[in-house]
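A short write-up of the structure that comes next.
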Amino acid sequence: MKEEKAPRNRTLTLNAEEEQLYRQRLITSNDLKDNNAIINKTINDDLMNTLPYLPNEFADLIIIDPPYNLTKNFNGNKFNARTQEEYVVYLREWLPLVIEKLKPTGSLYLCGDWRCTAPMQQVLSEHLHIMNRITWQREKGRGALSNWKNSMEDIWFAVKDTNAYYFDVEAVKVKRQVIAPYRQNGKPKDWEETAQGNYRMTCPSNFWDDISVPFWSMPENTDHPTQKPEKLIAKLILASSKEGDMVFDPFLGSGTTSVVAKKLNRRYCGVEINPEYCCWAEKRLEMAGANKSIQGYSDGIFWERNTLNLQTAAETTRTKQMRISQEHKQLNLF
């Protein structure tokens, strides 16, 4: 018998009817031979079969989360760890072909961990200008007994033309709580004083410690073993694309890139070899049509981890205090 989920477990699931419905929405490389309709599509096929049928320079932004250099089972598709040299060969098989799909003014982000980040930098620099390396805190997983626990991952940021790429720093500033506010002439300096607390909008750095990895009580969570958080992808999309731009993900997985692109009013296209993952992506895309919320991103602002909850709690407390005050006045208690 299938194990029932706990009441608060919001991990995405599919029944047989849903899976049949979502499979009908998928396309394959065969569909692309006669029809280049790739906008807002999930392509269920091997990447190498698909790339020849995708138009060159169609994507404004490419986000890549490929298999890292470790042994991992992706729902029956097993990727085996290899030597550094062999991993370089693996990257050279497909990465240059993916880069051909990037517009001259486009940007590309390539995700990796400590095992594969050096080969990624090597191969990426052969074709694009590397602008930065983002390191983000991935606080999840078991500890290591004879090594340091791995709780960081990298994202390489690269462009074709260093004079023509798009980057919107204002869209990805972080709202942080000010612990020790500094005043100049008695007025807040570079921060805002509110009834809910003191806050500052800060420029984003290349170290992100405000990301929560999806877990069972979050509606974005799936059973994909290496799912990226929506907030993480939202930062990349908002920084490096405009509304209406095309976002391409050649290793779509459970669909996070396409889902976030839809929520942020971008066009999208993704390739994923596993049909079940594709169906998860389609269900998430359907859900995104009704709910565009992104955990940690509210009213156009990225909040420092837990800061939004503090403000919400403060607002709730203030509302309660006002309500009690009104009730007391009605009772003529003061």
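Labels for the structure tokens follow display order: chains A, B, ..., residues from 1 in each chain, ligands from 1.
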
Identify, with DSSP run on backbone atoms, the residues in segment 202-235 of chain A assigned to helix (DSSP H, G or I), and express the list as number ranges by chain. A: 230-235

Who sits within 6 Å of Cys111 of chain A, only C-alpha atoms, same chain under 3 positions skipped, as a PyMOL selection string: chain A and resi 65+154-155

Saved selection, atoms kept: C-alpha atoms, as a PDB file, in the first residue's frame:
ATOM      1  CA  ASP A  65      21.648  22.599 -13.541  1.00  0.00           C
ATOM      2  CA  ASP A 154      28.329  27.447  -6.945  1.00  0.00           C
ATOM      3  CA  ILE A 155      26.664  29.166  -9.880  1.00  0.00           C
TER       4      ILE A 155
END

Excluding Met152 of chain A and any residue of its chain fewer than 4 positions from it, enumerate the residues within 9 Å of it, using only C-alpha atoms, and give them as a list of chain:residue names.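 The neighbour list is A:Asp113, A:Trp114, A:Thr135, A:Trp136, A:Gln137, A:Arg138, A:Glu139.
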
In terms of the shortest atom-to-atom distance over only C-alpha atoms, which of A:Leu21, A:Ala158, A:Ile211, A:Met120 is closest to Val174 of chain A?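 Closest residue, counting only C-alpha atoms: A:Ile211.
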
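You will find atom CA of Trp156 of chain A at 26.9 Å from atom CA of Lys292 of chain A.
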
What's the 12 Å shell around Lys72 of chain A, counting only C-alpha atoms, without same-chain residues fewer than 5 positions away, as a PyMOL selection string? chain A and resi 66-67+77-82+224-226

Could the residues in this selection be saved with C-alpha atoms as a PDB file, in the first residue's frame?
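That gives us again_5.pdb:
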ATOM      1  CA  PRO A  66      23.330  19.490 -15.005  1.00  0.00           C
ATOM      2  CA  PRO A  67      24.300  16.287 -13.207  1.00  0.00           C
ATOM      3  CA  ASN A  77      18.501   7.509 -15.163  1.00  0.00           C
ATOM      4  CA  LYS A  78      21.777   6.936 -13.358  1.00  0.00           C
ATOM      5  CA  PHE A  79      24.702   9.337 -13.677  1.00  0.00           C
ATOM      6  CA  ASN A  80      28.056   7.899 -12.602  1.00  0.00           C
ATOM      7  CA  ALA A  81      30.902   9.870 -11.081  1.00  0.00           C
ATOM      8  CA  ARG A  82      34.033  10.104 -13.235  1.00  0.00           C
ATOM      9  CA  HIS A 224      13.428  15.267  -7.297  1.00  0.00           C
ATOM     10  CA  PRO A 225      16.796  14.561  -5.600  1.00  0.00           C
ATOM     11  CA  THR A 226      18.498  17.833  -6.601  1.00  0.00           C
TER      12      THR A 226
END

I'd like to know which residues of segment 125-266 of chain A are strand (DSSP E or B) (by DSSP, run on the backbone); could you write them as JSON, numbers by chain? {"A": [129, 130, 131, 132, 133, 134, 135, 136, 137, 152, 153, 154, 155, 156, 157, 158, 159, 174, 175, 176, 177, 183, 184, 187, 188, 192, 193, 194, 197, 198, 199, 200, 201, 202, 207, 208, 246, 247, 248, 249]}

Take the selection from the previous step and output its residues with N, CA and C atoms, as a short mmCIF file (atom, residue, chain, number, x, y, z; two decimals), in the first residue's frame.
data_model
loop_
_atom_site.label_atom_id
_atom_site.label_comp_id
_atom_site.auth_asym_id
_atom_site.auth_seq_id
_atom_site.Cartn_x
_atom_site.Cartn_y
_atom_site.Cartn_z
N HIS A 129 32.44 34.81 -21.62
CA HIS A 129 33.16 35.63 -20.64
C HIS A 129 32.55 35.37 -19.27
N ILE A 130 33.33 34.86 -18.36
CA ILE A 130 32.84 34.61 -17.01
C ILE A 130 32.85 35.92 -16.23
N MET A 131 31.69 36.27 -15.68
CA MET A 131 31.53 37.53 -14.96
C MET A 131 31.68 37.37 -13.45
N ASN A 132 31.29 36.20 -12.94
CA ASN A 132 31.33 36.02 -11.49
C ASN A 132 31.04 34.57 -11.14
N ARG A 133 31.31 34.24 -9.89
CA ARG A 133 30.92 32.95 -9.33
C ARG A 133 30.09 33.23 -8.09
N ILE A 134 28.83 32.81 -8.12
CA ILE A 134 27.95 32.93 -6.97
C ILE A 134 28.10 31.67 -6.12
N THR A 135 28.21 31.84 -4.82
CA THR A 135 28.21 30.70 -3.90
C THR A 135 27.01 30.86 -2.97
N TRP A 136 26.22 29.81 -2.91
CA TRP A 136 25.04 29.89 -2.05
C TRP A 136 25.03 28.77 -1.02
N GLN A 137 24.46 29.09 0.12
CA GLN A 137 24.45 28.16 1.25
C GLN A 137 23.31 27.18 1.11
N MET A 152 27.63 24.17 0.57
CA MET A 152 27.72 25.26 -0.39
C MET A 152 27.64 24.71 -1.82
N GLU A 153 27.07 25.52 -2.70
CA GLU A 153 27.11 25.22 -4.13
C GLU A 153 27.45 26.49 -4.89
N ASP A 154 27.92 26.32 -6.11
CA ASP A 154 28.33 27.45 -6.94
C ASP A 154 27.39 27.63 -8.13
N ILE A 155 27.35 28.86 -8.62
CA ILE A 155 26.66 29.17 -9.88
C ILE A 155 27.58 30.10 -10.67
N TRP A 156 28.04 29.65 -11.83
CA TRP A 156 28.89 30.47 -12.68
C TRP A 156 28.02 31.36 -13.56
N PHE A 157 28.35 32.65 -13.58
CA PHE A 157 27.63 33.66 -14.35
C PHE A 157 28.50 34.07 -15.53
N ALA A 158 27.99 33.90 -16.76
CA ALA A 158 28.78 34.19 -17.95
C ALA A 158 27.93 34.84 -19.03
N VAL A 159 28.58 35.59 -19.91
CA VAL A 159 27.88 36.31 -20.99
C VAL A 159 28.67 36.18 -22.28
N VAL A 174 18.30 43.04 -1.62
CA VAL A 174 17.79 42.26 -0.49
C VAL A 174 17.38 43.21 0.64
N LYS A 175 16.21 42.98 1.21
CA LYS A 175 15.75 43.77 2.34
C LYS A 175 16.22 43.11 3.64
N ARG A 176 17.08 43.81 4.34
CA ARG A 176 17.67 43.26 5.57
C ARG A 176 17.27 44.09 6.79
N GLN A 177 17.16 43.41 7.90
CA GLN A 177 16.87 44.09 9.15
C GLN A 177 18.14 44.80 9.65
N ARG A 183 22.60 56.93 12.38
CA ARG A 183 21.88 58.14 12.03
C ARG A 183 22.85 59.27 11.68
N GLN A 184 22.40 60.12 10.80
CA GLN A 184 23.15 61.31 10.44
C GLN A 184 22.23 62.51 10.59
N LYS A 187 18.70 61.63 11.49
CA LYS A 187 17.86 60.92 10.55
C LYS A 187 18.52 59.61 10.10
N PRO A 188 17.70 58.60 9.77
CA PRO A 188 18.27 57.32 9.31
C PRO A 188 19.18 57.52 8.09
N GLU A 192 15.57 52.49 6.44
CA GLU A 192 14.21 52.99 6.61
C GLU A 192 13.68 52.63 7.98
N GLU A 193 13.09 53.60 8.65
CA GLU A 193 12.50 53.39 9.96
C GLU A 193 11.00 53.20 9.80
N THR A 194 10.49 52.05 10.23
CA THR A 194 9.07 51.77 10.12
C THR A 194 8.52 51.29 11.45
N GLY A 197 9.78 47.85 12.17
CA GLY A 197 11.22 47.63 12.38
C GLY A 197 12.04 48.48 11.44
N ASN A 198 13.35 48.34 11.55
CA ASN A 198 14.28 49.11 10.73
C ASN A 198 14.88 48.21 9.65
N TYR A 199 14.87 48.71 8.39
CA TYR A 199 15.29 47.88 7.27
C TYR A 199 16.17 48.67 6.30
N ARG A 200 17.01 47.93 5.61
CA ARG A 200 17.88 48.52 4.60
C ARG A 200 17.82 47.68 3.33
N MET A 201 17.73 48.32 2.17
CA MET A 201 17.83 47.63 0.89
C MET A 201 19.31 47.57 0.51
N THR A 202 19.83 46.35 0.36
CA THR A 202 21.26 46.17 0.10
C THR A 202 21.50 45.54 -1.27
N PHE A 207 27.62 35.97 -2.54
CA PHE A 207 27.41 34.95 -1.52
C PHE A 207 26.00 35.08 -1.00
N TRP A 208 25.22 34.00 -1.16
CA TRP A 208 23.80 34.02 -0.79
C TRP A 208 23.58 33.08 0.40
N MET A 246 12.84 35.15 -23.19
CA MET A 246 12.82 33.69 -23.24
C MET A 246 13.89 33.11 -22.31
N VAL A 247 13.46 32.22 -21.41
CA VAL A 247 14.35 31.55 -20.48
C VAL A 247 14.40 30.07 -20.84
N PHE A 248 15.61 29.55 -21.01
CA PHE A 248 15.79 28.16 -21.45
C PHE A 248 16.56 27.36 -20.40
N ASP A 249 16.06 26.16 -20.11
CA ASP A 249 16.72 25.25 -19.17
C ASP A 249 16.88 23.89 -19.84
#

Near Val271 of chain A, counting only C-alpha atoms, which residues have an atom at most 7 Å away, once you skip same-chain residues fewer than 6 positions from it, shown as an NGL selection string? :A and (42-45 or 47 or 249-252)

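A straight line drawn from atom CA of Trp148 of chain A to atom CA of Tyr68 of chain A is 18.5 Å long.
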
Which residues come within 9 Å of segment 14-20 of chain A, counting only C-alpha atoms, excluding same-chain residues fewer than 5 positions away, as a list in words?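 Here the qualifying residues turn out to be Glu276, Cys279, Trp280 and Lys283 of chain A.
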
Using C-alpha atoms, can you write the selected residues to a file as a compact mmCIF listing (two decimals), in the first residue's frame?
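The result, written out as part.txt:
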# COMPACT_ATOMS: atom_id res chain seq x y z
CA GLU A 276 7.66 11.71 -14.70
CA CYS A 279 4.71 15.73 -15.64
CA TRP A 280 5.70 17.21 -12.29
CA LYS A 283 1.49 20.27 -12.83

In terms of the shortest atom-to-atom distance over only C-alpha atoms, which of A:Ser107, A:Asn163, A:Ser151, A:Asn221 is closest to Ile237 of chain A?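 Of the candidates, the smallest distance to Ile237 of chain A is held by A:Ser107.
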
Please list as a ChimeraX atom specification every residue within 12 Å of Ala234 of chain A, counting only C-alpha atoms and excluding residues in the same chain fewer than 5 positions away. /A:63,171-172,211,228-229,239-241,247,256-266,292-298,300-302

If you measure from atom CA of Asp161 of chain A to atom CA of Leu128 of chain A, what distance in Å do you get, rounded to one decimal? 8.1 Å
